[in-house]
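One structure is given below, encoded as structure tokens.
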Amino acid sequence: MTGRVSFRISKRFIRVWQRNLTVYQKTWKISFIPPLLEPLFYILAFGVGLGVLVGKIHYNNIEVSYVGFIAPALIAITIMYNAFFENTFASFVRMYYQKTFDAIMATPLSVEEIITGEIIWGATKSLIAASIMLGIMSLFGLITYPVGLLIIPLAFLGGVAFGSVGMFFTGMVPSIEIFNLPIFLFITPMFLFSGTFFPVENLPAWAQGLSLLFPLTHLVKLTRAFGLGFTSIELLWSVLYLLTFSLIFFPLALFVMHRRLIK
Amino acid sequence: MFRSSHKAMRVKTTDQEEEREHVIEAEGLRKTFGDFVAVDDVSFKVRQGECFGILGPNGAGKTSMIRMIYGFSPITGGSLRVFGIDVSRGLRKIKSRVGVCQQENNLDPDLDVLKNLEVYARYFDIPRKEAHNRAEELLEFIGLDHRKKARSTELSGGMMRRLVIARALINSPDLVILDEPTTGLDPQSRHQVWDRLEKLRSQGLSILMTTHYMDEASRLCDRLIIMDHGRILVLGEPIDLIRKYVGQNIIEVAEPSKELRAYIQSEGLEYEDVGPRLIIYSEDGEDLFHEMSNNYCREGCTLRMATLEDVFLKLTGRDLRE
């Protein structure tokens, strides 16, 4: 471990992923509950309650029910939450309170491999949660197959994007309370204004432009298209956006964590 | 690199002891944090199979030094080699052969006792079956085989410490680094830990440890250094250091009389004045003690063996370090 961050990451990072999986295997029953129940709550609230007021929504020359419109967006939100919270609060606890990273750093693994393992784990949690939700929503006929299956690999990519930016904050925040800041300024606006609960087109032009900067806007665009059974070349731009976002924040996360842990 | 240094040593000396390979070689080692110099031009070698101690008051640079050895902290200057490998080049190779027991008990609180060892073994790429057997063996060694399924957070301080030591042994290391292994433990637990460490030492394992406890250092360390302000003050075997710096015996006098002070002055004895106590260093303690206790102080005058603590306090002073 030298003074500078190293991007030579060996496959040893998988050991950190395995460590988190081992812990997860003990508590999976609890971890499975939110993605199982959350879609049911939303379908009840928005489908039965709000949906009646909203009526049908035009999407890509078809008409969809309001529940059908928001269902894929809920998966996108779950993808965001799982990776982001895993690589902020949970990673911070492991790093700062449990000193788990310190213990692993004394083994052949490098800091960069530990952080990579953590981010890949966050993405894995996104994938697991998205798959469960997909299953539940399918029971209500809200997902069109086989295109809908693309949401599974997409969940992993989205997980890497949101996990990397989460880990970047973890490398920066002085204490765990400060996470409220990126949640309030970054996560909450995205939750509301990324075309999740209403089409982005309903926003004024300037806000539409702004929302295109949000990674969640692109993730929602993709999950909605796939969930409703559409594919198009145009969607590649959104995939490209998520890839670029990951390629920026993943190295940044490694950099700030190296700076934080190696003194 | 390993070979060449080994050969060089063979040429240099014929001493049987010196012929053993060195596990750690530090030369002109420096570590700075901004303007603060934590380790300043430190040179020493740790022989294979010895227990080497690093002693010093708080802030002396002990932890900074060993953090460089297990790779938490890049060196600022000088050279540092472990098993003949430069730490700034072959750190992964070094870490695969070292067991580290950090100051804090950083066991994995999300895992039980057995899993703590098995998961740690994975970081060293030890196959599952072998890891399991090794973990069982080590739990027996530290006397925790009856608590396999306990969460690591349920253990007492002493048990946690022993488990951390077991974890440091999971990769069958050639060198174990212990940062204050018994700080905060009750006497029973300390002796338990010492027992294990002595056993390991007798098996020929090289050990590098820091400690605040002089009795621990005297008991376990073959050789040690005393550091202060980032520099080495002395290096040697505990017994030799005691002889050299404080002599055989110590006479302590509580509330010395004027007459006693005058007597000490006239005899030209070596002493230290620590407020209401006098500490007198002496080679032939017994005669002097009788002379003094008969004539100058009937009570509050004690004769005792000199210890490493006397050396430590003499060299590093009695001021508080905070």
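Following the order of the structure tokens, first chain is A, next is B, and so on, with residues numbered from 1 inside each chain and ligands from 1 in the order they appear.
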List every residue of chain A that has an atom at most 10 Å from any atom of chain B, giving for each one its closest atom pair and the distance in Å to one decimal, counting only C-alpha atoms, sorted by chain and then by ascending residue number, as CSV.
```
residue,atom,partner,partner_atom,distance
A:Met1,CA,B:Gly71,CA,6.1
A:Thr2,CA,B:Pro74,CA,5.5
A:Gly3,CA,B:Pro74,CA,5.7
A:Arg4,CA,B:Pro74,CA,9.3
A:Arg12,CA,B:Tyr123,CA,7.5
A:Phe13,CA,B:Tyr123,CA,9.0
A:Ile14,CA,B:Tyr123,CA,9.3
A:Arg15,CA,B:Tyr123,CA,5.9
A:Val16,CA,B:Tyr123,CA,7.9
A:Gln18,CA,B:Val119,CA,8.4
A:Arg19,CA,B:Val119,CA,6.4
A:Asn20,CA,B:Asp110,CA,9.3
A:Thr22,CA,B:Leu111,CA,8.4
A:Val23,CA,B:Asp110,CA,6.3
A:Tyr24,CA,B:Asp110,CA,9.4
A:Lys26,CA,B:Leu111,CA,9.1
A:Arg94,CA,B:Asp108,CA,8.9
A:Tyr97,CA,B:Asn106,CA,9.2
A:Gln98,CA,B:Asn106,CA,6.4
A:Lys99,CA,B:Asn106,CA,5.5
A:Thr100,CA,B:Asp108,CA,6.3
A:Phe101,CA,B:Asn106,CA,9.0
A:Asp102,CA,B:Asn106,CA,7.6
A:Ala103,CA,B:Asn106,CA,6.2
A:Ile104,CA,B:Tyr123,CA,7.3
A:Met105,CA,B:Phe72,CA,7.4
A:Ala106,CA,B:Val100,CA,6.3
A:Thr107,CA,B:Lys95,CA,5.6
A:Pro108,CA,B:Arg92,CA,4.9
A:Leu109,CA,B:Tyr123,CA,6.9
A:Ser110,CA,B:Arg92,CA,8.0
A:Val111,CA,B:Phe72,CA,9.6
A:Leu261,CA,B:Phe72,CA,8.0
A:Ile262,CA,B:Ser73,CA,5.8
A:Lys263,CA,B:Ser73,CA,5.2
```
Picked from region 198-306 of chain B by DSSP as alpha helix (DSSP H), as a count of residues only: 42
Who sits within 10 Å of region 200-211 of chain A, only C-alpha atoms, same chain under 5 positions skipped, as a PyMOL selection string: chain A and resi 189-190+193-195+216-218+221
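For the set A:Ala90, A:Ile128, A:Leu247, A:Leu213, the residue with the smallest atom-to-atom gap to Thr170 (chain A) is A:Ala90, counting only C-alpha atoms.
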Just want the 8 Å neighbourhood of Ile77 (chain A), counted on only C-alpha atoms, with same-chain residues fewer than 2 positions away dropped. Output as a list in words. Ala73, Leu74, Ile75, Ile79, Met80, Tyr81, Phe191, Leu216 and Val220 of chain A
Taking N, CA and C atoms for each residue, export the selection above as a compact mmCIF listing (two decimals), in the first residue's frame.
```txt
# COMPACT_ATOMS: atom_id res chain seq x y z
N ALA A 73 -40.93 2.40 -11.89
CA ALA A 73 -40.17 3.46 -11.23
C ALA A 73 -39.88 3.08 -9.77
N LEU A 74 -40.82 2.36 -9.17
CA LEU A 74 -40.59 1.92 -7.80
C LEU A 74 -39.39 0.97 -7.73
N ILE A 75 -39.25 0.16 -8.78
CA ILE A 75 -38.07 -0.74 -8.82
C ILE A 75 -36.80 0.10 -8.91
N ILE A 79 -33.64 0.16 -6.39
CA ILE A 79 -32.25 -0.04 -6.81
C ILE A 79 -31.38 1.06 -6.21
N MET A 80 -31.86 2.29 -6.30
CA MET A 80 -31.11 3.42 -5.77
C MET A 80 -30.93 3.30 -4.26
N TYR A 81 -32.00 3.07 -3.55
CA TYR A 81 -31.93 3.01 -2.09
C TYR A 81 -31.02 1.89 -1.60
N PHE A 191 -35.86 11.29 -5.95
CA PHE A 191 -37.03 10.46 -5.66
C PHE A 191 -38.30 11.11 -6.22
N LEU A 216 -31.08 8.96 -11.48
CA LEU A 216 -32.33 8.22 -11.31
C LEU A 216 -33.27 8.43 -12.50
N VAL A 220 -34.96 5.33 -14.22
CA VAL A 220 -36.42 5.22 -14.32
C VAL A 220 -36.83 5.03 -15.78
```
Quote the spacing between CA of Leu157 (chain A) and CA of Asn87 (chain A) in Å to one decimal place. 14.7 Å
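Between Gly229 (chain A) and the residues A:Leu142, A:Ala83, A:Val165, A:Leu40, the shortest atom-to-atom distance, using only C-alpha atoms, involves A:Leu142.
The interatomic distance for the pair CA of Pro153 (chain A) and CA of Thr88 (chain A) works out to 22.3 Å.
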Contacts of Ile248 (chain A) at 10 Å (only C-alpha atoms; same-chain gap of 4+ positions) as a VMD selection string: chain A and resid 161 164 to 165 242 to 244 252 to 253
Shell around region 249-261 of chain B at 9 Å using only C-alpha atoms, local window under 5 positions removed, as a PyMOL selection string: chain B and resi 266+275-286+288-289+292+295-297+299-307+310
Please give the complete set of residues from region 37-80 of chain B that DSSP, run on the backbone, assigns to strand (DSSP E or B), formatted as a VMD selection string. chain B and resid 37 to 47 51 to 55 77 to 80
Contacts of region 139-143 of chain B within 9 Å, only C-alpha atoms, excl. fewer than 2 positions in-chain, as an NGL selection string: :B and (113-114 or 117 or 134-137 or 145-148 or 159 or 162-163 or 165-166 or 192-193 or 196)
